[in-house]
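Text of the file query17.cif, holding mmCIF, C-alpha atoms and all ligand atoms:
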data_protein
#
loop_
_atom_site.label_atom_id
_atom_site.label_comp_id
_atom_site.auth_asym_id
_atom_site.auth_seq_id
_atom_site.Cartn_x
_atom_site.Cartn_y
_atom_site.Cartn_z
CA MET A 1 141.27 285.83 168.61
CA GLY A 2 142.39 284.32 171.88
CA GLU A 3 145.96 284.36 170.66
CA ARG A 4 145.86 288.05 169.82
CA LYS A 5 144.73 288.83 173.33
CA HIS A 6 147.58 286.77 174.69
CA LEU A 7 150.09 288.77 172.65
CA GLN A 8 148.77 292.02 174.03
CA VAL A 9 149.22 290.86 177.57
CA TYR A 10 152.72 289.52 176.94
CA PRO A 11 154.16 291.80 174.26
CA ALA A 12 156.92 290.31 172.16
CA GLY A 13 160.24 292.08 171.91
CA ARG A 14 160.03 293.46 175.40
CA LYS A 15 163.78 293.13 175.86
CA GLU A 16 164.34 295.49 172.92
CA ILE A 17 162.79 298.39 174.81
CA LYS A 18 165.47 300.99 175.40
CA MET A 19 165.84 302.86 178.65
CA LYS A 20 164.60 306.38 178.09
CA ALA A 21 165.00 308.24 181.32
CA THR A 22 165.30 307.61 185.01
CA ILE A 23 162.40 308.52 187.25
CA LEU A 24 162.71 308.63 191.01
CA TYR A 25 159.37 307.86 192.66
CA ILE A 26 159.07 308.80 196.32
CA GLU A 27 156.10 306.74 197.54
CA ASP A 28 155.35 304.90 200.78
CA ASN A 29 152.45 302.82 199.42
CA ASP A 30 153.46 299.58 197.69
CA GLN A 31 150.36 299.30 195.49
CA ASN A 32 150.73 302.83 194.17
CA PHE A 33 154.40 302.24 193.53
CA TYR A 34 153.86 298.98 191.66
CA LEU A 35 151.12 300.40 189.43
CA VAL A 36 153.09 303.49 188.42
CA SER A 37 156.32 301.55 188.10
CA PHE A 38 154.60 298.97 185.87
CA ILE A 39 153.17 301.64 183.57
CA LEU A 40 156.44 303.60 183.28
CA SER A 41 158.66 300.51 182.91
CA ALA A 42 156.48 299.27 180.05
CA LYS A 43 157.29 302.54 178.25
CA GLY A 44 161.01 302.07 178.80
CA TYR A 45 161.56 304.28 181.83
CA GLU A 46 163.81 303.20 184.63
CA VAL A 47 162.03 303.68 187.94
CA ILE A 48 163.88 304.06 191.23
CA ARG A 49 161.99 304.04 194.51
CA ALA A 50 162.36 305.85 197.79
CA ARG A 51 159.88 305.08 200.58
CA ASP A 52 159.96 308.31 202.56
CA GLY A 53 161.10 311.89 202.27
CA GLU A 54 164.49 311.45 203.84
CA GLU A 55 165.36 308.51 201.60
CA GLY A 56 164.00 310.45 198.63
CA ILE A 57 166.14 313.51 199.28
CA GLU A 58 169.23 311.36 199.73
CA THR A 59 168.50 309.28 196.61
CA ALA A 60 167.75 312.37 194.53
CA ALA A 61 171.12 313.85 195.39
CA ARG A 62 172.84 310.62 194.32
CA CYS A 63 170.93 309.24 191.35
CA LYS A 64 170.50 312.27 189.03
CA ALA A 65 166.98 311.31 188.03
CA ASP A 66 165.50 312.99 184.97
CA LEU A 67 162.25 313.52 186.85
CA ILE A 68 161.02 313.07 190.41
CA LEU A 69 157.53 311.81 191.16
CA LEU A 70 156.55 312.80 194.64
CA ASP A 71 153.72 311.42 196.74
CA ILE A 72 152.38 314.16 199.01
CA GLN A 73 151.01 311.89 201.75
CA LEU A 74 154.27 310.53 203.16
CA PRO A 75 155.14 309.53 206.73
CA LEU A 76 157.33 311.76 208.91
CA MET A 77 157.82 314.50 206.34
CA ASP A 78 155.08 315.39 203.85
CA GLY A 79 155.65 315.89 200.15
CA TYR A 80 155.58 319.67 200.39
CA ALA A 81 158.50 319.64 202.81
CA VAL A 82 160.29 317.12 200.59
CA ALA A 83 159.81 319.35 197.52
CA ARG A 84 161.24 322.35 199.37
CA ALA A 85 164.24 320.28 200.49
CA LEU A 86 164.82 319.00 196.96
CA ARG A 87 164.70 322.53 195.58
CA SER A 88 167.25 323.70 198.14
CA ASN A 89 169.81 321.48 196.38
CA PRO A 90 171.20 323.58 193.49
CA GLU A 91 171.92 320.42 191.51
CA LEU A 92 168.22 319.63 191.47
CA ALA A 93 167.11 323.15 190.60
CA SER A 94 165.95 322.23 187.11
CA THR A 95 164.79 318.65 187.77
CA PRO A 96 161.04 318.38 187.17
CA ILE A 97 159.14 317.38 190.31
CA VAL A 98 155.62 316.07 189.78
CA ALA A 99 153.43 315.81 192.88
CA LEU A 100 150.96 312.94 193.22
CA THR A 101 148.17 313.29 195.69
CA SER A 102 145.04 311.50 196.78
CA TYR A 103 142.22 313.21 198.69
CA ALA A 104 142.86 316.27 196.56
CA MET A 105 141.55 319.37 198.24
CA ALA A 106 141.16 322.90 197.02
CA GLY A 107 144.54 324.58 197.20
CA ASP A 108 146.64 321.41 197.00
CA ARG A 109 147.83 322.22 193.54
CA GLU A 110 148.89 325.73 194.53
CA LYS A 111 150.59 324.37 197.65
CA ALA A 112 152.54 321.86 195.54
CA LEU A 113 153.62 324.50 193.03
CA GLU A 114 154.58 326.89 195.82
CA ALA A 115 156.73 324.18 197.38
CA GLY A 116 158.67 323.89 194.12
CA CYS A 117 156.81 321.19 192.20
CA THR A 118 156.53 321.62 188.44
CA GLY A 119 153.40 319.55 188.04
CA TYR A 120 150.56 317.95 189.91
CA ILE A 121 148.61 314.74 189.25
CA GLU A 122 145.67 313.49 191.29
CA LYS A 123 145.34 309.87 192.37
CA PRO A 124 143.89 307.57 191.36
CA ILE A 125 145.99 308.03 188.25
CA ASN A 126 144.48 307.40 184.83
CA PRO A 127 146.65 304.67 183.26
CA ASP A 128 145.67 305.84 179.75
CA SER A 129 146.93 309.38 180.15
CA PHE A 130 149.51 309.03 182.90
CA VAL A 131 152.59 308.62 180.69
CA ALA A 132 151.60 311.61 178.55
CA GLN A 133 151.11 313.67 181.70
CA ILE A 134 154.62 312.74 182.85
CA GLU A 135 156.17 313.31 179.43
CA GLN A 136 154.94 316.90 179.41
CA HIS A 137 157.65 317.53 181.99
CA LEU A 138 160.37 315.57 180.18
CA SER A 139 161.13 317.64 177.12
MN MN B 1 151.47 307.98 200.61
#

Please render this file's structure as structure tokens.
Amino acid sequence: MGERKHLQVYPAGRKEIKMKATILYIEDNDQNFYLVSFILSAKGYEVIRARDGEEGIETAARCKADLILLDIQLPLMDGYAVARALRSNPELASTPIVALTSYAMAGDREKALEAGCTGYIEKPINPDSFVAQIEQHLS
């Protein structure tokens, strides 16, 4: 029984996981980044990080991510402004942008969609449904 538990924590064959898609995650908070990155990496996604809006916009133009995860509470430039800037780049016109926000307030979702986001997830994320929520935007 103890051994089975051990195997679940350290899954065998990890190196055989194939890279599925690249996700750019624009997030200033280390803990949030590590949690999301851990969950997505375990499913085979490659996760690239940017720590603020400016870095995110620059990285997005360069890295051709399959999806952009965007924290709304960012320093200097909030996520809404970042989403509008990303959408102003024609090369990113069809890239899904999923907003992540804590302290969700009425109207946040509409604001995110208006700014050009394709989806909206509230923090704290639910680790059991998070990947499915992301995959809805990766068809
Ligand atoms: Mn933040």

Quiz item: Between A:Thr22, A:Thr95, A:Glu58, A:Pro124, which has the minimum distance to ligand MN 1 (chain B) (counting only C-alpha atoms and all ligand atoms)?
Solution: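 Of the candidates, the smallest distance to ligand MN 1 (chain B) is held by A:Pro124.
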
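Note that the spacing between CA of Ala132 (chain A) and CA of Ile39 (chain A) amounts to 11.3 Å.
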
Quick one: which chain A residues come within 7 Å of ligand MN 1 (chain B), and what is the nearest atom pair for each with the distance in Å to one decimal, counting all atoms listed in the file, rows ordered by chain and ascending number, as JSON lines?
{"residue": "A:Glu27", "atom": "CA", "partner": "B:MN1", "partner_atom": "MN", "distance": 5.7}
{"residue": "A:Asp28", "atom": "CA", "partner": "B:MN1", "partner_atom": "MN", "distance": 5.0}
{"residue": "A:Asn29", "atom": "CA", "partner": "B:MN1", "partner_atom": "MN", "distance": 5.4}
{"residue": "A:Asp71", "atom": "CA", "partner": "B:MN1", "partner_atom": "MN", "distance": 5.6}
{"residue": "A:Ile72", "atom": "CA", "partner": "B:MN1", "partner_atom": "MN", "distance": 6.4}
{"residue": "A:Gln73", "atom": "CA", "partner": "B:MN1", "partner_atom": "MN", "distance": 4.1}
{"residue": "A:Leu74", "atom": "CA", "partner": "B:MN1", "partner_atom": "MN", "distance": 4.6}

Self-check item: Distance of CA of Glu46 (chain A) from CA of Lys20 (chain A), expressed in Å to one decimal place
Solution: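 Pair CA of Lys20 (chain A) / CA of Glu46 (chain A) returns 7.3 Å.
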
Exercise. Select, from A:Gly119, A:Gly107, A:Pro90, A:Gly44, the residue with the minimum atom-to-atom distance to Leu69 (chain A), counting all atoms listed in the file.
Key: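 Closest residue, counting all atoms listed in the file: A:Gly119.
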
Quiz item: Pick from A:Ala65, A:Leu70, A:Ala60, A:Leu138: nearest to Ser88 (chain A), with all atoms listed in the file counted?
Solution: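 Selected residue with least distance to Ser88 (chain A): A:Ala60.
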
Self-check item: Contact residues around Ala81 (chain A) with all atoms listed in the file at 8 Å, ignoring same-chain residues under 4 positions, as a PyMOL selection string
Solution: chain A and resi 77+85+115

Exercise. Mind giving me the straight-line distance from CA of Thr101 (chain A) to CA of Pro75 (chain A) in Å, one decimal?
Key: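 Between CA of Thr101 (chain A) and CA of Pro75 (chain A) the gap works out to 13.6 Å.
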
Practice problem: May I ask which of the residues A:Ile23, A:Cys117, A:Ala99, A:Ile125 is the closest one to Lys43 (chain A), counting only C-alpha atoms? | Solution: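 Going through A:Ile23, A:Cys117, A:Ala99, A:Ile125 one by one, the smallest distance to Lys43 (chain A) is for A:Ile23.
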
Centre, x/y/z edge lengths, axis-aligned box for region 38-46 of chain A with 8 Å per side, as lines of an AutoDock Vina configuration file:
center_x = 158.5
center_y = 301.6
center_z = 182.1
size_x = 26.6
size_y = 21.3
size_z = 23.6

Quiz prompt | Nearest candidate to Lys123 (chain A) (options A:Ile48, A:Leu35, A:Leu100, A:Ala106; using all atoms listed in the file) | solution =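 Closest residue, counting all atoms listed in the file: A:Leu100.
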
Practice problem: List the neighbours of Arg84 (chain A) out to 12 Å using all atoms listed in the file; skip same-chain residues closer than 5 positions along the sequence, and give me the result as a list in words. | Solution: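 These residues fall inside the cut-off: Gly53, Ile57, Leu70, Met77, Asp78, Gly79, Asn89, Pro90, Leu92, Ala93, Ile97, Lys111, Ala112, Leu113, Glu114, Ala115, Gly116, Cys117 and Thr118 of chain A.
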
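Distances from A:Tyr34, A:Ala50, A:Ser139, A:Asp108 to Ile68 (chain A) were compared using all atoms listed in the file, and the smallest one belongs to A:Ala50.
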